[in-house]
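**Student:** Quick one: structure below, then a few questions.
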Amino acid sequence: MQYKEIGITKAQFRTYIKAHMKKKFCVYDKKCVQQIYTYITHYKKPRAYKIKCKKQLFYIRTKKHINNILLYIPLSTEVNIKYIIQALRQHKKYQVFVPKLEKTSFNMVKYRLPLIKTNWHIYEPKNCNICKNILIDIAVVPVLGVDKNMRRIGFGKGMYDRFYETLKVKPYSIFTSRLRYVATQSLCDWYDIQADIYVSTYQ
């Protein structure tokens, strides 16, 4: 759905969305999840990634036989992508990573069982090592909505923005939410991460 109120701020847009969130897992997530899974499995990674360092341009050849995928362990208000996690882990072609929250950002760890509930009331792998210098090919990112430039409206903590700043290469970014909210205005800042595609349960 498009949100057309003139003069709305990013904070007001976020508050409006939160007030209309569905707070239980939804059976209708299945179609949305299938779309995301299709985008992942049909993704064709480039032969090489460009990396700019100290005003010089470098090329890193990609590993065609492996795709590194950043997913998330869903809260009840988020699209339930547990099927995708389980399905991708059955294929050697995919390595699945999830966020491990810190104070103002997060690190990336390999998804493995068992999971434990943290002080933030989310689940994370219990025994995990932080993964550094991994080139992420695809990131599936939960959102509240987006502005007209497809930039992310999140929960306001900026964790994904700070995490993306640490990446050498921007991954193919799939934004997802249960309800679809697209502002008709530009609400975000230049550092807010931007989607390549936005998939939602309800249109």
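Simple scheme: letters A, B, ... for chains in structure tokens order, numbers from 1 for residues in each chain, numbers from 1 for ligands in the order shown.
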Near Ile8 of chain A, within 12 Å and counting only C-alpha atoms, which residues show up once chain neighbours fewer than 4 positions away are dropped, as a ChimeraX atom specification?

**Tutor:** /A:3-4,12-16,147,183-188

**Student:** Could you give me, as a compact mmCIF listing (two decimals) with all heavy atoms, in the first residue's frame, the residues within 6 Å of Arg152 of chain A, counting only C-alpha atoms and dropping anything in the same chain fewer than 2 positions from it?

**Tutor:**
# COMPACT_ATOMS: atom_id res chain seq x y z
N VAL A 146 9.35 1.01 3.00
CA VAL A 146 10.40 1.70 2.24
C VAL A 146 9.89 3.07 1.82
O VAL A 146 8.68 3.32 1.79
CB VAL A 146 10.84 0.90 0.99
CG1 VAL A 146 11.43 -0.44 1.37
CG2 VAL A 146 9.67 0.72 0.02
N GLY A 154 13.36 0.93 8.96
CA GLY A 154 13.48 -0.14 9.94
C GLY A 154 12.94 0.29 11.29
O GLY A 154 12.13 1.20 11.39
N ILE A 193 20.08 1.79 3.81
CA ILE A 193 20.31 0.78 2.78
C ILE A 193 19.13 0.71 1.81
O ILE A 193 17.99 1.01 2.17
CB ILE A 193 20.63 -0.60 3.38
CG1 ILE A 193 19.44 -1.14 4.19
CG2 ILE A 193 21.87 -0.53 4.24
CD1 ILE A 193 19.66 -2.55 4.70

**Student:** Show which residues sit within 12 Å of Asp161 of chain A, as a PyMOL selection string. Count only C-alpha atoms, and ignore same-chain residues fewer than 5 positions away.

**Tutor:** chain A and resi 104-106+141+151-156+166-167+170+188-194

**Student:** Please produce an output containing C-alpha atoms for each residue in the selection, written as a PDB file, in the first residue's frame.

**Tutor:**
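In the end it all went to out-v5.pdb:
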ATOM      1  CA  THR A 104      24.574  -0.773  18.107  1.00  0.00           C
ATOM      2  CA  SER A 105      25.115  -3.162  15.210  1.00  0.00           C
ATOM      3  CA  PHE A 106      25.523  -6.858  14.581  1.00  0.00           C
ATOM      4  CA  VAL A 141      16.380  -7.998   5.216  1.00  0.00           C
ATOM      5  CA  ARG A 151      15.380   2.788   1.023  1.00  0.00           C
ATOM      6  CA  ARG A 152      14.715   0.883   4.221  1.00  0.00           C
ATOM      7  CA  ILE A 153      12.431   2.035   7.014  1.00  0.00           C
ATOM      8  CA  GLY A 154      13.485  -0.143   9.936  1.00  0.00           C
ATOM      9  CA  PHE A 155      12.935  -0.086  13.674  1.00  0.00           C
ATOM     10  CA  GLY A 156      15.141   2.982  14.093  1.00  0.00           C
ATOM     11  CA  THR A 166      31.457  -2.787   7.006  1.00  0.00           C
ATOM     12  CA  LEU A 167      30.899  -4.803   3.815  1.00  0.00           C
ATOM     13  CA  LYS A 170      26.950  -4.520  -1.391  1.00  0.00           C
ATOM     14  CA  CYS A 188      15.499   8.330   4.189  1.00  0.00           C
ATOM     15  CA  ASP A 189      19.100   9.479   4.351  1.00  0.00           C
ATOM     16  CA  TRP A 190      21.860   8.561   1.898  1.00  0.00           C
ATOM     17  CA  TYR A 191      23.249   5.966   4.304  1.00  0.00           C
ATOM     18  CA  ASP A 192      19.963   4.049   4.656  1.00  0.00           C
ATOM     19  CA  ILE A 193      20.309   0.781   2.775  1.00  0.00           C
ATOM     20  CA  GLN A 194      18.450   0.317  -0.492  1.00  0.00           C
TER      21      GLN A 194
END

**Student:** I'd like to know which of A:Ile17, A:Ile85, A:Asp137, A:Leu144 is closest to Arg47 of chain A, using only C-alpha atoms.

**Tutor:**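 Selected residue with least distance to Arg47 of chain A: A:Asp137.
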
**Student:** Excluding segment 94-103 of chain A and residues on its chain fewer than 5 positions from it, collect all residues at most 6 Å away from it, counting only C-alpha atoms, and give them as a ChimeraX atom specification.

**Tutor:** /A:66-72,88,108-111

**Student:** Could you save those same residues with all heavy atoms as an mmCIF file, in the first residue's frame?

**Tutor:**
data_model
loop_
_atom_site.group_PDB
_atom_site.id
_atom_site.type_symbol
_atom_site.label_atom_id
_atom_site.label_comp_id
_atom_site.auth_asym_id
_atom_site.auth_seq_id
_atom_site.Cartn_x
_atom_site.Cartn_y
_atom_site.Cartn_z
ATOM 1 N N ILE A 66 29.512 -21.531 -4.768
ATOM 2 C CA ILE A 66 29.048 -21.227 -3.413
ATOM 3 C C ILE A 66 28.367 -19.866 -3.400
ATOM 4 O O ILE A 66 28.886 -18.891 -3.951
ATOM 5 C CB ILE A 66 30.218 -21.225 -2.404
ATOM 6 C CG1 ILE A 66 30.807 -22.618 -2.269
ATOM 7 C CG2 ILE A 66 29.745 -20.723 -1.045
ATOM 8 C CD1 ILE A 66 31.992 -22.682 -1.328
ATOM 9 N N ASN A 67 27.195 -19.797 -2.769
ATOM 10 C CA ASN A 67 26.510 -18.523 -2.538
ATOM 11 C C ASN A 67 26.387 -18.296 -1.037
ATOM 12 O O ASN A 67 25.864 -19.151 -0.312
ATOM 13 C CB ASN A 67 25.113 -18.532 -3.164
ATOM 14 C CG ASN A 67 25.154 -18.285 -4.650
ATOM 15 O OD1 ASN A 67 25.913 -17.452 -5.139
ATOM 16 N ND2 ASN A 67 24.350 -19.012 -5.405
ATOM 17 N N ASN A 68 26.865 -17.161 -0.580
ATOM 18 C CA ASN A 68 26.745 -16.787 0.827
ATOM 19 C C ASN A 68 25.477 -15.959 1.011
ATOM 20 O O ASN A 68 25.332 -14.896 0.391
ATOM 21 C CB ASN A 68 27.963 -15.991 1.274
ATOM 22 C CG ASN A 68 29.241 -16.814 1.222
ATOM 23 O OD1 ASN A 68 29.223 -18.000 1.551
ATOM 24 N ND2 ASN A 68 30.328 -16.200 0.806
ATOM 25 N N ILE A 69 24.575 -16.441 1.856
ATOM 26 C CA ILE A 69 23.263 -15.823 2.020
ATOM 27 C C ILE A 69 23.097 -15.343 3.460
ATOM 28 O O ILE A 69 23.244 -16.133 4.404
ATOM 29 C CB ILE A 69 22.120 -16.816 1.702
ATOM 30 C CG1 ILE A 69 22.410 -17.593 0.412
ATOM 31 C CG2 ILE A 69 20.791 -16.082 1.633
ATOM 32 C CD1 ILE A 69 22.445 -16.767 -0.839
ATOM 33 N N LEU A 70 22.787 -14.066 3.631
ATOM 34 C CA LEU A 70 22.467 -13.534 4.952
ATOM 35 C C LEU A 70 20.951 -13.536 5.117
ATOM 36 O O LEU A 70 20.237 -12.848 4.386
ATOM 37 C CB LEU A 70 23.005 -12.115 5.119
ATOM 38 C CG LEU A 70 22.653 -11.430 6.444
ATOM 39 C CD1 LEU A 70 23.317 -12.146 7.622
ATOM 40 C CD2 LEU A 70 23.052 -9.958 6.429
ATOM 41 N N LEU A 71 20.459 -14.318 6.070
ATOM 42 C CA LEU A 71 19.035 -14.367 6.384
ATOM 43 C C LEU A 71 18.816 -13.802 7.781
ATOM 44 O O LEU A 71 19.698 -13.143 8.329
ATOM 45 C CB LEU A 71 18.523 -15.813 6.281
ATOM 46 C CG LEU A 71 18.683 -16.472 4.906
ATOM 47 C CD1 LEU A 71 18.239 -17.929 4.952
ATOM 48 C CD2 LEU A 71 17.886 -15.719 3.842
ATOM 49 N N TYR A 72 17.655 -14.031 8.358
ATOM 50 C CA TYR A 72 17.389 -13.583 9.727
ATOM 51 C C TYR A 72 16.492 -14.616 10.395
ATOM 52 O O TYR A 72 15.749 -15.342 9.733
ATOM 53 C CB TYR A 72 16.721 -12.203 9.747
ATOM 54 C CG TYR A 72 15.372 -12.157 9.066
ATOM 55 C CD1 TYR A 72 14.194 -12.403 9.775
ATOM 56 C CD2 TYR A 72 15.263 -11.875 7.701
ATOM 57 C CE1 TYR A 72 12.945 -12.382 9.150
ATOM 58 C CE2 TYR A 72 14.030 -11.843 7.071
ATOM 59 C CZ TYR A 72 12.878 -12.090 7.803
ATOM 60 O OH TYR A 72 11.649 -12.073 7.179
ATOM 61 N N LEU A 88 17.735 -24.093 2.250
ATOM 62 C CA LEU A 88 19.066 -23.747 1.746
ATOM 63 C C LEU A 88 20.164 -24.552 2.431
ATOM 64 O O LEU A 88 21.187 -24.879 1.814
ATOM 65 C CB LEU A 88 19.331 -22.248 1.933
ATOM 66 C CG LEU A 88 18.457 -21.288 1.112
ATOM 67 C CD1 LEU A 88 18.883 -19.855 1.360
ATOM 68 C CD2 LEU A 88 18.514 -21.603 -0.375
ATOM 69 N N MET A 108 28.075 -11.199 11.960
ATOM 70 C CA MET A 108 27.472 -12.256 11.154
ATOM 71 C C MET A 108 28.046 -13.600 11.599
ATOM 72 O O MET A 108 29.253 -13.751 11.784
ATOM 73 C CB MET A 108 27.802 -11.996 9.685
ATOM 74 C CG MET A 108 27.067 -12.834 8.691
ATOM 75 S SD MET A 108 27.393 -12.229 7.037
ATOM 76 C CE MET A 108 29.164 -12.478 6.907
ATOM 77 N N VAL A 109 27.139 -14.571 11.793
ATOM 78 C CA VAL A 109 27.566 -15.908 12.200
ATOM 79 C C VAL A 109 26.867 -16.935 11.322
ATOM 80 O O VAL A 109 25.807 -16.674 10.750
ATOM 81 C CB VAL A 109 27.249 -16.189 13.687
ATOM 82 C CG1 VAL A 109 27.990 -15.228 14.593
ATOM 83 C CG2 VAL A 109 25.745 -16.118 13.941
ATOM 84 N N LYS A 110 27.462 -18.115 11.217
ATOM 85 C CA LYS A 110 26.815 -19.202 10.485
ATOM 86 C C LYS A 110 25.616 -19.707 11.270
ATOM 87 O O LYS A 110 25.660 -19.819 12.497
ATOM 88 C CB LYS A 110 27.792 -20.353 10.234
ATOM 89 C CG LYS A 110 28.610 -20.199 8.981
ATOM 90 C CD LYS A 110 29.320 -21.495 8.649
ATOM 91 C CE LYS A 110 30.032 -21.374 7.309
ATOM 92 N NZ LYS A 110 30.694 -22.646 6.931
ATOM 93 N N TYR A 111 24.548 -19.999 10.531
ATOM 94 C CA TYR A 111 23.361 -20.550 11.191
ATOM 95 C C TYR A 111 23.620 -22.005 11.547
ATOM 96 O O TYR A 111 23.988 -22.812 10.714
ATOM 97 C CB TYR A 111 22.142 -20.456 10.278
ATOM 98 C CG TYR A 111 20.885 -21.018 10.910
ATOM 99 C CD1 TYR A 111 20.017 -20.185 11.611
ATOM 100 C CD2 TYR A 111 20.585 -22.365 10.823
ATOM 101 C CE1 TYR A 111 18.874 -20.691 12.209
ATOM 102 C CE2 TYR A 111 19.447 -22.891 11.419
ATOM 103 C CZ TYR A 111 18.595 -22.050 12.107
ATOM 104 O OH TYR A 111 17.471 -22.557 12.705
#

**Student:** Using atom CA of Leu179 of chain A and atom CA of Thr201 of chain A as the two end points, give the distance in Å to one decimal.

**Tutor:**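 Going from atom CA of Leu179 of chain A over to atom CA of Thr201 of chain A covers 6.2 Å.
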
**Student:** So that I can check the surroundings of segment 58-62 of chain A, please list as a list in words every protein, DNA and RNA residue that reaches within 10 Å of it, counting only C-alpha atoms and ignoring chain neighbours fewer than 2 positions away.

**Tutor:**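 Near neighbours after the sequence-gap exclusion: Lys45, Pro46, Arg47, Ala48, Tyr49, Lys50, Ile51, Lys52, Cys53, Lys55, Gln56, Lys64, His65, Ile66, Asn67, Leu135 and Asp137 of chain A.
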
**Student:** Using C-alpha atoms, can you export the residues from the last selection as a PDB file, in the first residue's frame?

**Tutor:**
ATOM      1  CA  LYS A  45      26.190 -13.867  -9.322  1.00  0.00           C
ATOM      2  CA  PRO A  46      28.708 -11.822 -11.326  1.00  0.00           C
ATOM      3  CA  ARG A  47      32.048 -13.285 -12.362  1.00  0.00           C
ATOM      4  CA  ALA A  48      33.831 -10.728 -10.200  1.00  0.00           C
ATOM      5  CA  TYR A  49      33.058  -8.055  -7.634  1.00  0.00           C
ATOM      6  CA  LYS A  50      34.457  -4.525  -7.837  1.00  0.00           C
ATOM      7  CA  ILE A  51      36.095  -3.199  -4.671  1.00  0.00           C
ATOM      8  CA  LYS A  52      37.334   0.374  -4.305  1.00  0.00           C
ATOM      9  CA  CYS A  53      40.141   0.820  -1.801  1.00  0.00           C
ATOM     10  CA  LYS A  55      41.074   5.372  -4.667  1.00  0.00           C
ATOM     11  CA  GLN A  56      42.074   2.188  -6.489  1.00  0.00           C
ATOM     12  CA  LYS A  64      30.481 -19.789  -8.662  1.00  0.00           C
ATOM     13  CA  HIS A  65      29.794 -22.988  -6.743  1.00  0.00           C
ATOM     14  CA  ILE A  66      29.048 -21.227  -3.413  1.00  0.00           C
ATOM     15  CA  ASN A  67      26.510 -18.523  -2.538  1.00  0.00           C
ATOM     16  CA  LEU A 135      31.501 -11.637   0.748  1.00  0.00           C
ATOM     17  CA  ASP A 137      26.008 -12.510  -2.274  1.00  0.00           C
TER      18      ASP A 137
END
